[in-house]
Amino acid sequence: MKHKTKNGNTFIQNGSIIDFVSKSKNVYSINMKSLTCSCPDYRFRKAKVGGICKHIQEVLEIITGEEPDFKSFIQKDNDPIKFIDKFSDEKLEELKMKGEIIERKGKLEVVE
Ligand SMILES: [Zn+2]
């Protein structure tokens with residue numbers, strides 16, 4: 001079954017393996033058991049810090065129906081650089097746009 005993510009990308013799930021096709025037609029392979037992805041962002045950045053790339057995030061949002069817990073991550077560590085390393089700068093901007101977090105004096109704060 002073909003799934004469409006909110007960003008207009010698509011993926012097909014075969015057990016724990018996901019074939020992810022981006023809007024720009026890049027194809028990545030995601031392993032949902034190990035939460036690894038074949039994209040450069042995962043291999044060169046996220047893998048080193050135990051993070052997940054935006055592809056894994058998008059698939060998780062569809063499969064589990066919920067987003068990773070960004071807010072409790074920030075409550076534990078409010079360094080924006082670490083957030084971007086673990087997730088993405090797009091996600092940071094999205095949460096700021098939604099008014100869920102703010103940046104103050106170079107640190108992140110969750111809006112309660
Ligand atoms: Zn990826």
# chains A, B, ... in the order shown; residues from 1 in each chain; ligands from 1
$ select_by_dssp --residues "chain A" --states "alpha helix (DSSP H)" --output "JSON, numbers by chain"
{"A": [40, 41, 47, 48, 49, 54, 55, 56, 57, 58, 59, 60, 61, 62, 63, 64, 70, 71, 72, 73, 74, 75, 76, 80, 81, 82, 83, 84, 85, 86, 89, 90, 91, 92, 93, 94, 95, 96, 97]}
$ write_last_selection --atoms "N, CA and C atoms" --output "compact mmCIF listing (two decimals), in the first residue's frame"
# COMPACT_ATOMS: atom_id res chain seq x y z
N PRO A 40 21.68 10.94 2.93
CA PRO A 40 22.93 11.53 3.43
C PRO A 40 22.77 12.19 4.80
N ASP A 41 21.64 12.87 5.02
CA ASP A 41 21.44 13.54 6.32
C ASP A 41 21.50 12.53 7.45
N ALA A 47 22.94 9.77 12.32
CA ALA A 47 23.43 8.50 12.87
C ALA A 47 24.44 8.74 13.98
N LYS A 48 25.22 9.83 13.85
CA LYS A 48 26.26 10.11 14.84
C LYS A 48 25.70 10.56 16.18
N VAL A 49 24.52 11.18 16.16
CA VAL A 49 23.96 11.72 17.41
C VAL A 49 22.74 10.93 17.87
N LYS A 54 14.30 13.55 8.54
CA LYS A 54 12.92 13.96 8.30
C LYS A 54 12.11 12.85 7.62
N HIS A 55 12.78 11.94 6.90
CA HIS A 55 12.04 10.84 6.25
C HIS A 55 11.47 9.90 7.30
N ILE A 56 12.34 9.51 8.25
CA ILE A 56 11.87 8.63 9.33
C ILE A 56 10.76 9.33 10.11
N GLN A 57 10.95 10.63 10.38
CA GLN A 57 9.91 11.39 11.09
C GLN A 57 8.57 11.34 10.37
N GLU A 58 8.60 11.55 9.05
CA GLU A 58 7.35 11.57 8.29
C GLU A 58 6.67 10.21 8.30
N VAL A 59 7.48 9.14 8.17
CA VAL A 59 6.90 7.80 8.18
C VAL A 59 6.31 7.49 9.56
N LEU A 60 7.05 7.84 10.62
CA LEU A 60 6.55 7.60 11.98
C LEU A 60 5.23 8.31 12.21
N GLU A 61 5.14 9.54 11.71
CA GLU A 61 3.91 10.30 11.91
C GLU A 61 2.71 9.60 11.28
N ILE A 62 2.93 8.96 10.12
CA ILE A 62 1.84 8.26 9.44
C ILE A 62 1.55 6.93 10.14
N ILE A 63 2.59 6.16 10.41
CA ILE A 63 2.40 4.80 10.93
C ILE A 63 1.89 4.82 12.37
N THR A 64 2.48 5.66 13.21
CA THR A 64 2.04 5.68 14.60
C THR A 64 0.95 6.71 14.83
N PHE A 70 8.71 16.16 20.59
CA PHE A 70 9.67 17.26 20.47
C PHE A 70 9.75 18.07 21.75
N LYS A 71 8.59 18.26 22.39
CA LYS A 71 8.57 19.15 23.55
C LYS A 71 9.35 18.58 24.72
N SER A 72 9.22 17.28 24.97
CA SER A 72 9.96 16.77 26.12
C SER A 72 11.45 16.72 25.82
N PHE A 73 11.81 16.61 24.52
CA PHE A 73 13.23 16.72 24.17
C PHE A 73 13.75 18.09 24.56
N ILE A 74 12.98 19.13 24.21
CA ILE A 74 13.40 20.51 24.50
C ILE A 74 13.44 20.76 26.00
N GLN A 75 12.47 20.16 26.71
CA GLN A 75 12.46 20.37 28.16
C GLN A 75 13.69 19.76 28.83
N LYS A 76 14.24 18.71 28.19
CA LYS A 76 15.46 18.11 28.74
C LYS A 76 16.70 18.86 28.29
N PRO A 80 19.26 24.80 20.80
CA PRO A 80 18.67 24.65 19.45
C PRO A 80 19.54 23.83 18.51
N ILE A 81 20.87 23.90 18.68
CA ILE A 81 21.76 23.15 17.78
C ILE A 81 21.53 21.65 17.96
N LYS A 82 21.34 21.23 19.21
CA LYS A 82 21.10 19.80 19.46
C LYS A 82 19.76 19.37 18.88
N PHE A 83 18.78 20.26 18.96
CA PHE A 83 17.46 19.94 18.38
C PHE A 83 17.59 19.74 16.88
N ILE A 84 18.31 20.66 16.22
CA ILE A 84 18.47 20.57 14.77
C ILE A 84 19.25 19.32 14.39
N ASP A 85 20.26 18.98 15.19
CA ASP A 85 21.02 17.76 14.93
C ASP A 85 20.15 16.53 15.04
N LYS A 86 19.28 16.52 16.04
CA LYS A 86 18.46 15.32 16.27
C LYS A 86 17.27 15.27 15.31
N ASP A 89 16.12 21.53 11.01
CA ASP A 89 15.81 22.94 11.17
C ASP A 89 14.41 23.24 10.66
N GLU A 90 13.92 22.46 9.67
CA GLU A 90 12.54 22.65 9.21
C GLU A 90 11.56 22.41 10.36
N LYS A 91 11.82 21.38 11.14
CA LYS A 91 10.91 21.06 12.25
C LYS A 91 10.95 22.16 13.31
N LEU A 92 12.15 22.70 13.55
CA LEU A 92 12.28 23.80 14.50
C LEU A 92 11.46 25.00 14.04
N GLU A 93 11.60 25.35 12.77
CA GLU A 93 10.85 26.49 12.23
C GLU A 93 9.35 26.22 12.29
N GLU A 94 8.96 24.98 11.99
CA GLU A 94 7.54 24.63 12.00
C GLU A 94 6.95 24.82 13.40
N LEU A 95 7.66 24.34 14.42
CA LEU A 95 7.15 24.47 15.80
C LEU A 95 7.11 25.93 16.23
N LYS A 96 8.08 26.73 15.76
CA LYS A 96 8.06 28.16 16.08
C LYS A 96 6.89 28.86 15.40
N MET A 97 6.65 28.48 14.13
CA MET A 97 5.53 29.06 13.38
C MET A 97 4.21 28.75 14.05
$ residues_around --residues "Cys37 of chain A" --least-positions-apart "4" --cutoff "10 Å" --atoms "only C-alpha atoms" --output "mmCIF file with C-alpha atoms, in the first residue's frame"
data_model
loop_
_atom_site.group_PDB
_atom_site.id
_atom_site.type_symbol
_atom_site.label_atom_id
_atom_site.label_comp_id
_atom_site.auth_asym_id
_atom_site.auth_seq_id
_atom_site.Cartn_x
_atom_site.Cartn_y
_atom_site.Cartn_z
ATOM 1 C CA ILE A 17 11.490 -1.864 5.269
ATOM 2 C CA ILE A 18 10.183 1.365 3.767
ATOM 3 C CA ASP A 19 10.843 2.551 0.225
ATOM 4 C CA PHE A 20 10.560 6.301 0.537
ATOM 5 C CA TYR A 28 15.603 6.221 0.214
ATOM 6 C CA SER A 29 15.404 2.978 2.098
ATOM 7 C CA ILE A 30 14.310 3.170 5.725
ATOM 8 C CA ASN A 31 14.526 0.352 8.235
ATOM 9 C CA MET A 32 11.802 0.867 10.832
ATOM 10 C CA ASP A 41 21.441 13.538 6.317
ATOM 11 C CA TYR A 42 20.902 10.345 8.305
ATOM 12 C CA ARG A 43 24.175 8.678 7.382
ATOM 13 C CA LYS A 46 21.780 11.923 12.491
ATOM 14 C CA ALA A 47 23.429 8.504 12.868
ATOM 15 C CA ILE A 52 16.263 10.572 13.066
ATOM 16 C CA CYS A 53 16.022 12.247 9.661
ATOM 17 C CA LYS A 54 12.923 13.960 8.302
ATOM 18 C CA HIS A 55 12.042 10.844 6.246
ATOM 19 C CA ILE A 56 11.871 8.628 9.329
#
$ select_by_dssp --residues "chain A" --states "strand (DSSP E or B)" --output "PyMOL selection string"
chain A and resi 2-4+10-14+17-21+27-31+36-37+101-104+107-110
$ closest_residue --among "A:Lys98, A:Ser16, A:Asn9, A:Asp77" --to "ligand 1" --atoms "only C-alpha atoms and all ligand atoms"
A:Asn9
$ closest_residue --among "A:Gly106, A:Gly8, A:Gly65, A:Gly99" --to "Asp79 of chain A" --atoms "only C-alpha atoms"
A:Gly106
$ closest_residue --among "A:Ile12, A:Met1, A:Cys39, A:Val27" --to "ligand 1" --atoms "only C-alpha atoms and all ligand atoms"
A:Cys39
$ closest_residue --among "A:Gln13, A:Ser88, A:Ser38, A:Asn78" --to "ligand 1" --atoms "only C-alpha atoms and all ligand atoms"
A:Ser38
$ closest_residue --among "A:Ile101, A:Pro68, A:Thr36, A:Asn7" --to "Val21 of chain A" --atoms "only C-alpha atoms"
A:Asn7
$ closest_residue --among "A:Leu108, A:Asp69, A:Leu35, A:Gly50" --to "ligand 1" --atoms "only C-alpha atoms and all ligand atoms"
A:Leu35
